[in-house]
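Asker: I'm passing along my_file-v9.tsv; it holds TSV, C-alpha atoms (C1' of nucleotides).
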```tsv
chain	number	residue	atom	x	y	z
C	934	MET	CA	139.93	57.11	121.14
C	935	ARG	CA	141.09	60.63	121.80
C	936	SER	CA	144.67	59.86	120.90
C	937	GLU	CA	144.07	58.73	117.34
C	938	GLN	CA	145.80	60.98	114.86
C	939	VAL	CA	143.93	61.41	111.62
C	940	GLU	CA	144.83	64.04	109.08
C	941	PRO	CA	142.25	66.73	109.86
C	942	THR	CA	140.26	68.11	106.97
C	943	GLU	CA	139.75	71.84	106.80
C	944	GLN	CA	136.03	71.24	107.24
C	945	ALA	CA	136.49	69.30	110.46
C	946	CYS	CA	138.95	71.88	111.74
C	947	ASN	CA	136.53	74.70	111.21
C	948	GLN	CA	133.77	72.84	112.98
C	949	ALA	CA	136.10	72.07	115.85
C	950	LEU	CA	137.19	75.67	115.98
C	951	VAL	CA	133.60	76.86	116.29
C	952	ALA	CA	132.98	74.41	119.12
C	953	VAL	CA	136.15	75.44	120.95
C	954	ARG	CA	135.22	79.07	120.55
C	955	ASP	CA	131.74	78.40	121.95
C	956	SER	CA	133.33	76.93	125.05
C	957	LEU	CA	135.83	79.74	125.40
C	958	TYR	CA	133.03	82.25	125.05
C	959	VAL	CA	130.77	80.90	127.78
C	960	ILE	CA	133.52	80.65	130.40
C	961	GLY	CA	135.52	83.64	129.18
C	962	GLY	CA	135.55	87.18	130.47
C	963	LYS	CA	136.55	88.53	133.83
C	964	TRP	CA	133.68	87.38	136.01
C	965	LYS	CA	132.06	84.19	134.67
C	966	LEU	CA	134.24	81.76	136.61
C	967	PRO	CA	134.49	83.85	139.80
C	968	ILE	CA	130.70	83.98	139.93
C	969	ILE	CA	130.35	80.25	139.46
C	970	ILE	CA	133.01	79.60	142.08
C	971	ALA	CA	131.31	81.91	144.55
C	972	LEU	CA	128.00	80.13	144.02
C	973	VAL	CA	129.61	76.71	144.38
C	974	GLN	CA	131.38	77.71	147.56
C	975	ALA	CA	128.21	79.21	148.99
C	976	ASN	CA	126.77	75.71	148.71
C	977	GLY	CA	123.21	76.99	148.48
C	978	PRO	CA	121.15	79.87	147.14
C	979	VAL	CA	122.66	83.34	147.16
C	980	ARG	CA	120.89	86.64	146.72
C	981	PHE	CA	121.98	89.39	144.38
C	982	ARG	CA	123.46	91.79	146.91
C	983	GLU	CA	125.11	88.99	148.81
C	984	LEU	CA	126.75	87.81	145.60
C	985	GLN	CA	127.94	91.32	144.94
C	986	ARG	CA	129.49	91.38	148.40
C	987	LEU	CA	131.15	88.01	147.90
C	988	LEU	CA	132.75	89.19	144.67
C	989	GLU	CA	133.84	92.41	146.37
C	990	THR	CA	134.64	94.59	143.37
C	991	ILE	CA	131.98	93.75	140.80
C	992	THR	CA	129.52	96.48	139.90
C	993	PRO	CA	125.78	95.75	139.82
C	994	LYS	CA	125.55	96.43	136.10
C	995	VAL	CA	128.19	93.87	135.26
C	996	LEU	CA	126.91	91.36	137.79
C	997	SER	CA	123.42	91.63	136.38
C	998	LYS	CA	124.65	91.11	132.82
C	999	GLU	CA	126.87	88.17	133.72
C	1000	LEU	CA	124.09	86.48	135.65
C	1001	LYS	CA	121.82	86.73	132.61
C	1002	ASP	CA	124.49	85.11	130.44
C	1003	LEU	CA	125.07	82.35	132.95
C	1004	GLU	CA	121.36	81.70	133.19
C	1005	LEU	CA	121.02	81.51	129.41
C	1006	ASN	CA	123.79	78.93	129.37
C	1007	GLU	CA	122.01	77.04	132.14
C	1008	PHE	CA	124.88	77.28	134.57
C	1009	ILE	CA	122.71	78.95	137.18
C	1010	THR	CA	119.05	79.28	138.04
C	1011	ARG	CA	117.32	82.48	139.04
C	1012	THR	CA	114.42	82.15	141.44
C	1013	VAL	CA	112.14	85.06	142.25
C	1014	TYR	CA	110.16	84.99	145.48
C	1015	ASP	CA	106.97	86.98	145.64
C	1016	THR	CA	107.85	89.04	148.67
C	1017	THR	CA	107.79	92.82	148.81
C	1018	PRO	CA	110.27	93.84	147.77
C	1019	VAL	CA	111.11	90.79	145.72
C	1020	THR	CA	113.72	88.32	146.84
C	1021	VAL	CA	115.89	86.81	144.11
C	1022	GLU	CA	118.09	83.79	144.61
C	1023	TYR	CA	120.78	82.39	142.37
C	1024	GLN	CA	122.07	78.86	142.43
C	1025	VAL	CA	124.44	76.72	140.36
C	1026	THR	CA	122.86	73.92	138.34
C	1027	ASP	CA	123.99	70.33	137.99
C	1028	TYR	CA	124.72	71.12	134.38
C	1029	SER	CA	127.49	73.48	135.42
C	1030	LYS	CA	129.31	70.43	136.75
C	1031	THR	CA	129.75	69.19	133.17
C	1032	LEU	CA	132.44	71.85	132.89
C	1033	GLY	CA	134.51	69.71	135.25
C	1034	ASN	CA	136.75	68.05	132.67
C	1035	VAL	CA	137.26	71.23	130.69
C	1036	LEU	CA	138.27	73.17	133.78
C	1037	PHE	CA	140.46	70.32	134.97
C	1038	GLU	CA	142.42	70.30	131.71
C	1039	LEU	CA	142.66	74.08	131.58
C	1040	ARG	CA	143.99	74.14	135.12
C	1041	GLU	CA	146.51	71.36	134.62
C	1042	TRP	CA	147.82	72.78	131.41
C	1043	GLY	CA	147.96	76.29	132.85
C	1044	MET	CA	149.99	75.17	135.87
C	1045	GLN	CA	152.36	73.17	133.73
C	1046	HIS	CA	152.78	76.05	131.31
C	1047	ARG	CA	153.58	78.51	134.06
C	1048	THR	CA	156.37	76.39	135.49
C	1049	ARG	CA	157.67	75.73	132.01
C	1050	LEU	CA	157.88	79.40	131.12
C	1051	LYS	CA	159.47	80.18	134.45
C	1052	ALA	CA	162.18	77.60	133.79
C	1053	ALA	CA	162.72	78.99	130.29
C	1054	THR	CA	163.23	82.56	131.46
C	1055	ARG	CA	165.51	81.41	134.26
C	1056	ALA	CA	167.60	79.50	131.72
C	1057	ARG	CA	167.79	82.59	129.52
C	1058	ARG	CA	168.89	84.74	132.45
C	1059	GLU	CA	171.63	82.33	133.47
C	1060	LYS	CA	172.89	82.02	129.93
C	1061	ALA	CA	172.96	85.80	129.64
C	1062	SER	CA	174.90	86.32	132.87
C	1063	ALA	CA	177.35	83.53	132.02
C	1064	GLN	CA	178.53	85.28	128.89
Q	819	MET	CA	141.77	60.79	140.63
Q	820	ARG	CA	140.19	63.63	138.76
Q	821	SER	CA	136.71	62.69	139.91
Q	822	GLU	CA	137.36	62.94	143.63
Q	823	GLN	CA	135.25	65.60	145.27
Q	824	VAL	CA	136.96	67.40	148.08
Q	825	GLU	CA	135.62	70.59	149.54
Q	826	PRO	CA	137.72	73.19	147.75
Q	827	THR	CA	139.40	75.78	149.92
Q	828	GLU	CA	139.28	79.36	148.76
Q	829	GLN	CA	143.07	79.25	148.45
Q	830	ALA	CA	143.05	76.26	146.12
Q	831	CYS	CA	140.22	77.82	144.11
Q	832	ASN	CA	142.15	81.00	143.56
Q	833	GLN	CA	145.23	79.13	142.45
Q	834	ALA	CA	143.15	77.04	140.10
Q	835	LEU	CA	141.46	80.15	138.76
Q	836	VAL	CA	144.82	81.72	137.96
Q	837	ALA	CA	145.94	78.59	136.12
Q	838	VAL	CA	142.70	78.39	134.15
Q	839	ARG	CA	143.00	82.03	133.23
Q	840	ASP	CA	146.57	81.52	132.05
Q	841	SER	CA	145.34	78.83	129.69
Q	842	LEU	CA	142.42	80.89	128.49
Q	843	TYR	CA	144.75	83.78	127.86
Q	844	VAL	CA	147.28	81.96	125.70
Q	845	ILE	CA	144.69	80.36	123.42
Q	846	GLY	CA	142.18	83.21	123.62
Q	847	GLY	CA	141.64	86.05	121.21
Q	848	LYS	CA	140.49	85.99	117.65
Q	849	TRP	CA	143.56	84.63	115.87
Q	850	LYS	CA	145.66	82.39	118.15
Q	851	LEU	CA	143.96	79.14	117.26
Q	852	PRO	CA	143.45	79.91	113.56
Q	853	ILE	CA	147.15	80.63	113.24
Q	854	ILE	CA	148.12	77.39	114.96
Q	855	ILE	CA	145.66	75.45	112.83
Q	856	ALA	CA	147.01	77.01	109.65
Q	857	LEU	CA	150.56	76.09	110.62
Q	858	VAL	CA	149.56	72.55	111.53
Q	859	GLN	CA	147.73	72.08	108.25
Q	860	ALA	CA	150.63	73.51	106.30
Q	861	ASN	CA	152.63	70.62	107.71
Q	862	GLY	CA	155.92	72.48	107.36
Q	863	PRO	CA	157.42	75.94	107.54
Q	864	VAL	CA	155.33	78.90	106.39
Q	865	ARG	CA	156.51	82.40	105.60
Q	866	PHE	CA	154.89	85.56	106.88
Q	867	ARG	CA	153.09	86.64	103.75
Q	868	GLU	CA	151.99	83.12	102.99
Q	869	LEU	CA	150.50	82.87	106.46
Q	870	GLN	CA	148.71	86.14	105.93
Q	871	ARG	CA	147.27	84.73	102.72
Q	872	LEU	CA	146.18	81.51	104.41
Q	873	LEU	CA	144.33	83.46	107.09
Q	874	GLU	CA	142.73	85.65	104.43
Q	875	THR	CA	141.50	88.57	106.54
Q	876	ILE	CA	144.19	89.13	109.14
Q	877	THR	CA	146.14	92.37	108.94
Q	878	PRO	CA	149.94	92.36	109.12
Q	879	LYS	CA	149.97	94.32	112.36
Q	880	VAL	CA	147.78	91.80	114.13
Q	881	LEU	CA	149.53	88.81	112.58
Q	882	SER	CA	152.89	90.14	113.68
Q	883	LYS	CA	151.70	90.67	117.24
Q	884	GLU	CA	150.05	87.27	117.48
Q	885	LEU	CA	153.13	85.51	116.15
Q	886	LYS	CA	155.24	87.16	118.82
Q	887	ASP	CA	152.84	85.98	121.52
Q	888	LEU	CA	152.79	82.46	120.13
Q	889	GLU	CA	156.57	82.40	119.99
Q	890	LEU	CA	156.84	83.59	123.60
Q	891	ASN	CA	154.54	80.76	124.63
Q	892	GLU	CA	156.69	78.35	122.63
Q	893	PHE	CA	153.88	77.24	120.35
Q	894	ILE	CA	155.79	78.26	117.25
Q	895	THR	CA	159.36	78.91	116.19
Q	896	ARG	CA	160.54	81.79	114.08
Q	897	THR	CA	163.51	81.18	111.84
Q	898	VAL	CA	165.27	83.96	109.99
Q	899	TYR	CA	167.33	83.12	106.90
Q	900	ASP	CA	170.10	85.44	105.95
Q	901	THR	CA	168.96	86.14	102.43
Q	902	THR	CA	168.41	89.58	100.99
Q	903	PRO	CA	165.76	90.47	101.71
Q	904	VAL	CA	165.40	88.21	104.71
Q	905	THR	CA	163.27	85.11	104.63
Q	906	VAL	CA	161.33	84.29	107.78
Q	907	GLU	CA	159.70	80.96	108.44
Q	908	TYR	CA	157.23	79.99	111.13
Q	909	GLN	CA	156.57	76.49	112.33
Q	910	VAL	CA	154.57	74.82	115.10
Q	911	THR	CA	156.54	73.19	117.90
Q	912	ASP	CA	156.04	69.82	119.52
Q	913	TYR	CA	155.08	71.67	122.66
Q	914	SER	CA	151.99	73.02	120.96
Q	915	LYS	CA	150.74	69.44	120.83
Q	916	THR	CA	150.42	69.46	124.62
Q	917	LEU	CA	147.30	71.55	124.05
Q	918	GLY	CA	145.69	68.42	122.65
Q	919	ASN	CA	143.69	67.40	125.70
Q	920	VAL	CA	142.59	70.94	126.47
Q	921	LEU	CA	141.37	71.48	122.94
Q	922	PHE	CA	139.73	68.07	122.88
Q	923	GLU	CA	137.70	68.87	126.00
Q	924	LEU	CA	136.84	72.35	124.83
Q	925	ARG	CA	135.62	70.97	121.53
Q	926	GLU	CA	133.58	68.14	123.04
Q	927	TRP	CA	131.96	70.36	125.59
Q	928	GLY	CA	131.28	73.07	123.03
Q	929	MET	CA	129.56	70.66	120.65
Q	930	GLN	CA	127.49	69.14	123.40
Q	931	HIS	CA	126.53	72.59	124.68
Q	932	ARG	CA	125.41	73.78	121.28
Q	933	THR	CA	123.06	70.84	120.73
Q	934	ARG	CA	121.77	71.22	124.27
Q	935	LEU	CA	120.94	74.89	123.84
Q	936	LYS	CA	119.34	74.19	120.47
Q	937	ALA	CA	117.08	71.60	122.07
Q	938	ALA	CA	116.21	73.99	124.88
Q	939	THR	CA	115.17	76.80	122.56
Q	940	ARG	CA	113.17	74.40	120.40
Q	941	ALA	CA	111.35	73.19	123.49
Q	942	ARG	CA	110.59	76.76	124.48
Q	943	ARG	CA	109.24	77.57	121.02
Q	944	GLU	CA	106.96	74.53	120.97
Q	945	LYS	CA	105.65	75.28	124.42
Q	946	ALA	CA	104.96	78.86	123.38
Q	947	SER	CA	103.06	77.90	120.22
Q	948	ALA	CA	101.05	75.25	122.08
Q	949	GLN	CA	99.53	77.76	124.44
W	1343	DG	C1'	109.88	110.99	158.52
W	1344	DA	C1'	115.06	110.26	157.57
W	1345	DT	C1'	117.87	106.27	156.68
W	1346	DA	C1'	119.26	101.89	154.91
W	1347	DG	C1'	118.46	97.77	152.48
W	1348	DC	C1'	116.66	95.18	148.30
W	1349	DA	C1'	117.27	94.01	142.95
W	1350	DG	C1'	118.42	95.84	139.72
W	1351	DT	C1'	118.63	99.83	135.46
W	1352	DA	C1'	120.59	104.05	133.07
W	1353	DT	C1'	124.23	107.02	131.70
W	1354	DC	C1'	128.63	108.23	131.02
W	1355	DC	C1'	133.47	106.96	130.66
W	1356	DC	C1'	137.93	104.43	129.84
W	1357	DA	C1'	141.19	100.96	128.18
W	1358	DA	C1'	142.20	97.07	125.32
W	1359	DA	C1'	141.54	94.37	121.07
W	1360	DG	C1'	141.51	94.51	116.66
W	1361	DG	C1'	140.95	96.64	111.73
W	1362	DA	C1'	142.31	100.08	107.77
W	1363	DT	C1'	145.72	102.19	105.53
W	1364	DA	C1'	150.21	103.90	104.53
W	1365	DT	C1'	154.97	103.15	104.75
W	1366	DC	C1'	159.84	101.27	105.22
W	1367	DG	C1'	164.41	99.38	102.80
W	1368	DG	C1'	165.63	95.96	99.92
W	1369	DT	C1'	165.40	93.01	95.49
W	1370	DA	C1'	163.63	90.73	91.38
W	1371	DT	C1'	160.85	91.42	87.30
W	1372	DC	C1'	158.85	93.73	83.32
L	926	DG	C1'	163.18	102.82	85.56
L	927	DA	C1'	158.22	101.64	87.13
L	928	DT	C1'	156.10	97.79	89.48
L	929	DA	C1'	155.54	94.08	92.71
L	930	DC	C1'	157.08	91.24	96.45
L	931	DC	C1'	159.24	90.54	101.11
L	932	DG	C1'	158.66	91.14	106.48
L	933	DA	C1'	157.20	93.83	108.93
L	934	DT	C1'	156.08	98.76	111.61
L	935	DA	C1'	153.38	103.20	112.40
L	936	DT	C1'	149.25	105.82	112.73
L	937	DC	C1'	144.66	106.33	113.12
L	938	DC	C1'	140.02	104.48	113.97
L	939	DT	C1'	136.08	101.54	115.76
L	940	DT	C1'	134.25	98.12	118.67
L	941	DT	C1'	133.88	95.77	122.91
L	942	DG	C1'	134.37	94.75	127.90
L	943	DG	C1'	134.02	96.56	131.86
L	944	DG	C1'	133.99	100.37	135.70
L	945	DA	C1'	131.88	104.68	138.21
L	946	DT	C1'	128.08	106.79	139.63
L	947	DA	C1'	123.46	107.88	140.11
L	948	DC	C1'	118.86	106.43	140.39
L	949	DT	C1'	114.29	103.62	140.71
L	950	DG	C1'	110.18	101.74	143.68
L	951	DC	C1'	109.46	99.42	147.69
L	952	DT	C1'	109.88	98.29	152.81
L	953	DA	C1'	111.67	97.79	157.41
L	954	DT	C1'	114.00	100.22	160.97
L	955	DC	C1'	115.46	104.09	163.92
```
Hey, can you dump this file as structure tokens for me?

Answerer:
Amino acid sequence: MRSEQVEPTEQACNQALVAVRDSLYVIGGKWKLPIIIALVQANGPVRFRELQRLLETITPKVLSKELKDLELNEFITRTVYDTTPVTVEYQVTDYSKTLGNVLFELREWGMQHRTRLKAATRARREKASAQ
Amino acid sequence: MRSEQVEPTEQACNQALVAVRDSLYVIGGKWKLPIIIALVQANGPVRFRELQRLLETITPKVLSKELKDLELNEFITRTVYDTTPVTVEYQVTDYSKTLGNVLFELREWGMQHRTRLKAATRARREKASAQ
DNA sequence: GATAGCAGTATCCCAAAGGATATCGGTATC
DNA sequence: GATACCGATATCCTTTGGGATACTGCTATC
């Protein structure tokens, strides 16, 4: 199904472009994926400060903003416990696993591309020094 | 193969993250995909000014920079004809087609995500007005 | 009663991405 | 001989993403 090649209309292309951009937006930026990875690796709920420690160099302002975005996109849940002072726990959702295929393809293509470019620059260097 | 769930080491995660980021970088930004799409739809070589016209609102500085990036990543070729003044033609490469799967997944996920979020906000609205 | 931890927020600052506008040397057109 | 087109480049400007630092109200610990 995915390999069929129809002539794409401009309409369809624009719709596709919007969808692709949506995806790029929600996983883009410096911290979205590192946060998700940290939460996955924690394999359980993680509190705000602990998350900050796991990510080492993130500032609280940025962490706070990114967590809000991730929550809006339903990649994580935020649970507030009525202690004093409050305890807040973050956790990845099952929905975040739907990113699996996307991330798989991005990773595969990225690895392939890196080796390809490396080979290309090596070839250029050798050609240059052979002259 | 792609569905096997092994406990990911931090090492492997970091490598994967780098690869994913590589991919996001080469197709990210405001104009990379629109330029590729325009060249694909043109179905043949396109000159600089013509490309600028097709993209409507891109400035020559940005177009020039993006084309250089795309050429470095081997998504397009740049051919200079020795006329006076010079004629320059841009064309998509076969290699750019290797993005197919990545773009397919990004599009599918993006569409699905949009309808999901729409449903979620509708549900919230109805719940709010029912109170 | 000073100190440290919690979950953030507020303010200021910097660098990168991208846009606006002008310009280049050359030629074809009016 | 003025004008417009070609493929860009140069300069200046704004917006955005993100970092640095300080601070809040509250509590448990020394």

Asker: Could you fit chain C onto chain Q by least squares over every C-alpha atom, paired in order, and give me the moved chain as a PDB file with C-alpha atoms, keeping the file's coordinate frame?

Answerer:
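The file below, result_7.pdb, is the result:
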```pdb
ATOM      1  CA  MET C 934     142.000  60.782 140.400  1.00  0.00           C
ATOM      2  CA  ARG C 935     140.286  63.609 138.599  1.00  0.00           C
ATOM      3  CA  SER C 936     136.861  62.611 139.820  1.00  0.00           C
ATOM      4  CA  GLU C 937     137.537  62.900 143.531  1.00  0.00           C
ATOM      5  CA  GLN C 938     135.382  65.546 145.131  1.00  0.00           C
ATOM      6  CA  VAL C 939     137.057  67.376 147.963  1.00  0.00           C
ATOM      7  CA  GLU C 940     135.655  70.533 149.463  1.00  0.00           C
ATOM      8  CA  PRO C 941     137.770  73.178 147.722  1.00  0.00           C
ATOM      9  CA  THR C 942     139.415  75.785 149.894  1.00  0.00           C
ATOM     10  CA  GLU C 943     139.288  79.372 148.747  1.00  0.00           C
ATOM     11  CA  GLN C 944     143.067  79.288 148.428  1.00  0.00           C
ATOM     12  CA  ALA C 945     143.033  76.306 146.093  1.00  0.00           C
ATOM     13  CA  CYS C 946     140.215  77.834 144.076  1.00  0.00           C
ATOM     14  CA  ASN C 947     142.112  81.025 143.523  1.00  0.00           C
ATOM     15  CA  GLN C 948     145.195  79.157 142.422  1.00  0.00           C
ATOM     16  CA  ALA C 949     143.113  77.064 140.068  1.00  0.00           C
ATOM     17  CA  LEU C 950     141.439  80.160 138.735  1.00  0.00           C
ATOM     18  CA  VAL C 951     144.787  81.752 137.922  1.00  0.00           C
ATOM     19  CA  ALA C 952     145.891  78.614 136.097  1.00  0.00           C
ATOM     20  CA  VAL C 953     142.649  78.402 134.122  1.00  0.00           C
ATOM     21  CA  ARG C 954     142.946  82.047 133.213  1.00  0.00           C
ATOM     22  CA  ASP C 955     146.528  81.526 132.024  1.00  0.00           C
ATOM     23  CA  SER C 956     145.299  78.831 129.675  1.00  0.00           C
ATOM     24  CA  LEU C 957     142.375  80.886 128.452  1.00  0.00           C
ATOM     25  CA  TYR C 958     144.704  83.792 127.825  1.00  0.00           C
ATOM     26  CA  VAL C 959     147.237  81.979 125.663  1.00  0.00           C
ATOM     27  CA  ILE C 960     144.646  80.382 123.377  1.00  0.00           C
ATOM     28  CA  GLY C 961     142.139  83.230 123.548  1.00  0.00           C
ATOM     29  CA  GLY C 962     141.554  86.047 121.115  1.00  0.00           C
ATOM     30  CA  LYS C 963     140.442  85.963 117.528  1.00  0.00           C
ATOM     31  CA  TRP C 964     143.527  84.627 115.793  1.00  0.00           C
ATOM     32  CA  LYS C 965     145.618  82.417 118.103  1.00  0.00           C
ATOM     33  CA  LEU C 966     143.934  79.138 117.191  1.00  0.00           C
ATOM     34  CA  PRO C 967     143.431  79.922 113.485  1.00  0.00           C
ATOM     35  CA  ILE C 968     147.148  80.631 113.201  1.00  0.00           C
ATOM     36  CA  ILE C 969     148.104  77.408 114.921  1.00  0.00           C
ATOM     37  CA  ILE C 970     145.669  75.457 112.771  1.00  0.00           C
ATOM     38  CA  ALA C 971     147.030  77.019 109.604  1.00  0.00           C
ATOM     39  CA  LEU C 972     150.574  76.113 110.614  1.00  0.00           C
ATOM     40  CA  VAL C 973     149.571  72.561 111.509  1.00  0.00           C
ATOM     41  CA  GLN C 974     147.753  72.088 108.236  1.00  0.00           C
ATOM     42  CA  ALA C 975     150.668  73.509 106.278  1.00  0.00           C
ATOM     43  CA  ASN C 976     152.665  70.615 107.707  1.00  0.00           C
ATOM     44  CA  GLY C 977     155.952  72.472 107.371  1.00  0.00           C
ATOM     45  CA  PRO C 978     157.460  75.939 107.568  1.00  0.00           C
ATOM     46  CA  VAL C 979     155.391  78.883 106.395  1.00  0.00           C
ATOM     47  CA  ARG C 980     156.570  82.378 105.612  1.00  0.00           C
ATOM     48  CA  PHE C 981     154.966  85.544 106.889  1.00  0.00           C
ATOM     49  CA  ARG C 982     153.180  86.637 103.732  1.00  0.00           C
ATOM     50  CA  GLU C 983     152.079  83.118 102.969  1.00  0.00           C
ATOM     51  CA  LEU C 984     150.566  82.865 106.438  1.00  0.00           C
ATOM     52  CA  GLN C 985     148.786  86.135 105.879  1.00  0.00           C
ATOM     53  CA  ARG C 986     147.351  84.734 102.662  1.00  0.00           C
ATOM     54  CA  LEU C 987     146.264  81.518 104.347  1.00  0.00           C
ATOM     55  CA  LEU C 988     144.395  83.458 107.017  1.00  0.00           C
ATOM     56  CA  GLU C 989     142.832  85.660 104.343  1.00  0.00           C
ATOM     57  CA  THR C 990     141.590  88.577 106.427  1.00  0.00           C
ATOM     58  CA  ILE C 991     144.276  89.135 109.045  1.00  0.00           C
ATOM     59  CA  THR C 992     146.217  92.378 108.870  1.00  0.00           C
ATOM     60  CA  PRO C 993     150.022  92.358 109.082  1.00  0.00           C
ATOM     61  CA  LYS C 994     150.025  94.311 112.328  1.00  0.00           C
ATOM     62  CA  VAL C 995     147.828  91.797 114.083  1.00  0.00           C
ATOM     63  CA  LEU C 996     149.584  88.818 112.539  1.00  0.00           C
ATOM     64  CA  SER C 997     152.936  90.139 113.660  1.00  0.00           C
ATOM     65  CA  LYS C 998     151.707  90.685 117.217  1.00  0.00           C
ATOM     66  CA  GLU C 999     150.038  87.288 117.458  1.00  0.00           C
ATOM     67  CA  LEU C1000     153.117  85.525 116.147  1.00  0.00           C
ATOM     68  CA  LYS C1001     155.223  87.187 118.841  1.00  0.00           C
ATOM     69  CA  ASP C1002     152.799  85.996 121.519  1.00  0.00           C
ATOM     70  CA  LEU C1003     152.764  82.482 120.138  1.00  0.00           C
ATOM     71  CA  GLU C1004     156.536  82.420 120.023  1.00  0.00           C
ATOM     72  CA  LEU C1005     156.791  83.609 123.623  1.00  0.00           C
ATOM     73  CA  ASN C1006     154.492  80.778 124.638  1.00  0.00           C
ATOM     74  CA  GLU C1007     156.645  78.372 122.640  1.00  0.00           C
ATOM     75  CA  PHE C1008     153.848  77.273 120.366  1.00  0.00           C
ATOM     76  CA  ILE C1009     155.783  78.275 117.274  1.00  0.00           C
ATOM     77  CA  THR C1010     159.360  78.894 116.241  1.00  0.00           C
ATOM     78  CA  ARG C1011     160.558  81.791 114.143  1.00  0.00           C
ATOM     79  CA  THR C1012     163.542  81.141 111.917  1.00  0.00           C
ATOM     80  CA  VAL C1013     165.325  83.929 110.081  1.00  0.00           C
ATOM     81  CA  TYR C1014     167.383  83.078 107.015  1.00  0.00           C
ATOM     82  CA  ASP C1015     170.198  85.393 106.079  1.00  0.00           C
ATOM     83  CA  THR C1016     169.075  86.100 102.552  1.00  0.00           C
ATOM     84  CA  THR C1017     168.505  89.551 101.111  1.00  0.00           C
ATOM     85  CA  PRO C1018     165.860  90.438 101.810  1.00  0.00           C
ATOM     86  CA  VAL C1019     165.483  88.191 104.813  1.00  0.00           C
ATOM     87  CA  THR C1020     163.357  85.086 104.698  1.00  0.00           C
ATOM     88  CA  VAL C1021     161.392  84.274 107.847  1.00  0.00           C
ATOM     89  CA  GLU C1022     159.744  80.945 108.490  1.00  0.00           C
ATOM     90  CA  TYR C1023     157.262  79.978 111.158  1.00  0.00           C
ATOM     91  CA  GLN C1024     156.584  76.482 112.362  1.00  0.00           C
ATOM     92  CA  VAL C1025     154.546  74.826 115.117  1.00  0.00           C
ATOM     93  CA  THR C1026     156.512  73.204 117.931  1.00  0.00           C
ATOM     94  CA  ASP C1027     155.990  69.822 119.535  1.00  0.00           C
ATOM     95  CA  TYR C1028     155.032  71.679 122.670  1.00  0.00           C
ATOM     96  CA  SER C1029     151.937  73.034 120.964  1.00  0.00           C
ATOM     97  CA  LYS C1030     150.694  69.454 120.827  1.00  0.00           C
ATOM     98  CA  THR C1031     150.362  69.474 124.627  1.00  0.00           C
ATOM     99  CA  LEU C1032     147.258  71.577 124.052  1.00  0.00           C
ATOM    100  CA  GLY C1033     145.646  68.438 122.643  1.00  0.00           C
ATOM    101  CA  ASN C1034     143.641  67.424 125.706  1.00  0.00           C
ATOM    102  CA  VAL C1035     142.547  70.960 126.478  1.00  0.00           C
ATOM    103  CA  LEU C1036     141.318  71.513 122.941  1.00  0.00           C
ATOM    104  CA  PHE C1037     139.672  68.103 122.878  1.00  0.00           C
ATOM    105  CA  GLU C1038     137.648  68.885 126.002  1.00  0.00           C
ATOM    106  CA  LEU C1039     136.775  72.380 124.824  1.00  0.00           C
ATOM    107  CA  ARG C1040     135.558  70.988 121.524  1.00  0.00           C
ATOM    108  CA  GLU C1041     133.526  68.173 123.032  1.00  0.00           C
ATOM    109  CA  TRP C1042     131.903  70.375 125.592  1.00  0.00           C
ATOM    110  CA  GLY C1043     131.219  73.094 123.032  1.00  0.00           C
ATOM    111  CA  MET C1044     129.495  70.676 120.649  1.00  0.00           C
ATOM    112  CA  GLN C1045     127.432  69.173 123.421  1.00  0.00           C
ATOM    113  CA  HIS C1046     126.464  72.599 124.707  1.00  0.00           C
ATOM    114  CA  ARG C1047     125.345  73.785 121.302  1.00  0.00           C
ATOM    115  CA  THR C1048     122.993  70.866 120.780  1.00  0.00           C
ATOM    116  CA  ARG C1049     121.720  71.244 124.312  1.00  0.00           C
ATOM    117  CA  LEU C1050     120.872  74.905 123.883  1.00  0.00           C
ATOM    118  CA  LYS C1051     119.272  74.207 120.540  1.00  0.00           C
ATOM    119  CA  ALA C1052     117.014  71.600 122.135  1.00  0.00           C
ATOM    120  CA  ALA C1053     116.146  74.004 124.953  1.00  0.00           C
ATOM    121  CA  THR C1054     115.080  76.810 122.636  1.00  0.00           C
ATOM    122  CA  ARG C1055     113.109  74.398 120.478  1.00  0.00           C
ATOM    123  CA  ALA C1056     111.294  73.164 123.585  1.00  0.00           C
ATOM    124  CA  ARG C1057     110.525  76.746 124.585  1.00  0.00           C
ATOM    125  CA  ARG C1058     109.167  77.533 121.128  1.00  0.00           C
ATOM    126  CA  GLU C1059     106.900  74.497 121.089  1.00  0.00           C
ATOM    127  CA  LYS C1060     105.607  75.225 124.555  1.00  0.00           C
ATOM    128  CA  ALA C1061     104.896  78.803 123.522  1.00  0.00           C
ATOM    129  CA  SER C1062     102.992  77.841 120.372  1.00  0.00           C
ATOM    130  CA  ALA C1063     101.020  75.150 122.210  1.00  0.00           C
ATOM    131  CA  GLN C1064      99.472  77.651 124.576  1.00  0.00           C
TER     132      GLN C1064
END
```

Asker: Please return, as JSON, numbers by chain, all residues of chain Q lying within 9 Å of chain W when all atoms listed in the file are considered.

Answerer: {"Q": [847, 848, 876, 877, 880, 902, 903]}

Asker: Identify the residues within 12 Å of coordinate (140.7, 79.4, 140.3) (same frame as the file), considering only C-alpha atoms (C1' of nucleotides), and give the answer as a count of residues only.

Answerer: 33

Asker: Near range 1006-1009 of chain C, counting only C-alpha atoms (C1' of nucleotides), which residues have an atom at most 7 Å away, once you skip same-chain residues fewer than 3 positions from it, shown as number ranges by chain?

Answerer: C: 1002-1003, 1023-1026, 1028-1029

Asker: Please identify all residues of chain L having at least one atom at most 8 Å from any atom of chain C, considering all atoms listed in the file, and return them as a list in words.

Answerer: DG943, DG944, DC951 and DT952 of chain L

Asker: How many Å separate CA of Val864 in chain Q from C1' of DC931 in chain L?

Answerer: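 If I compute the distance from CA of Val864 in chain Q to C1' of DC931 in chain L, I get 13.4 Å.
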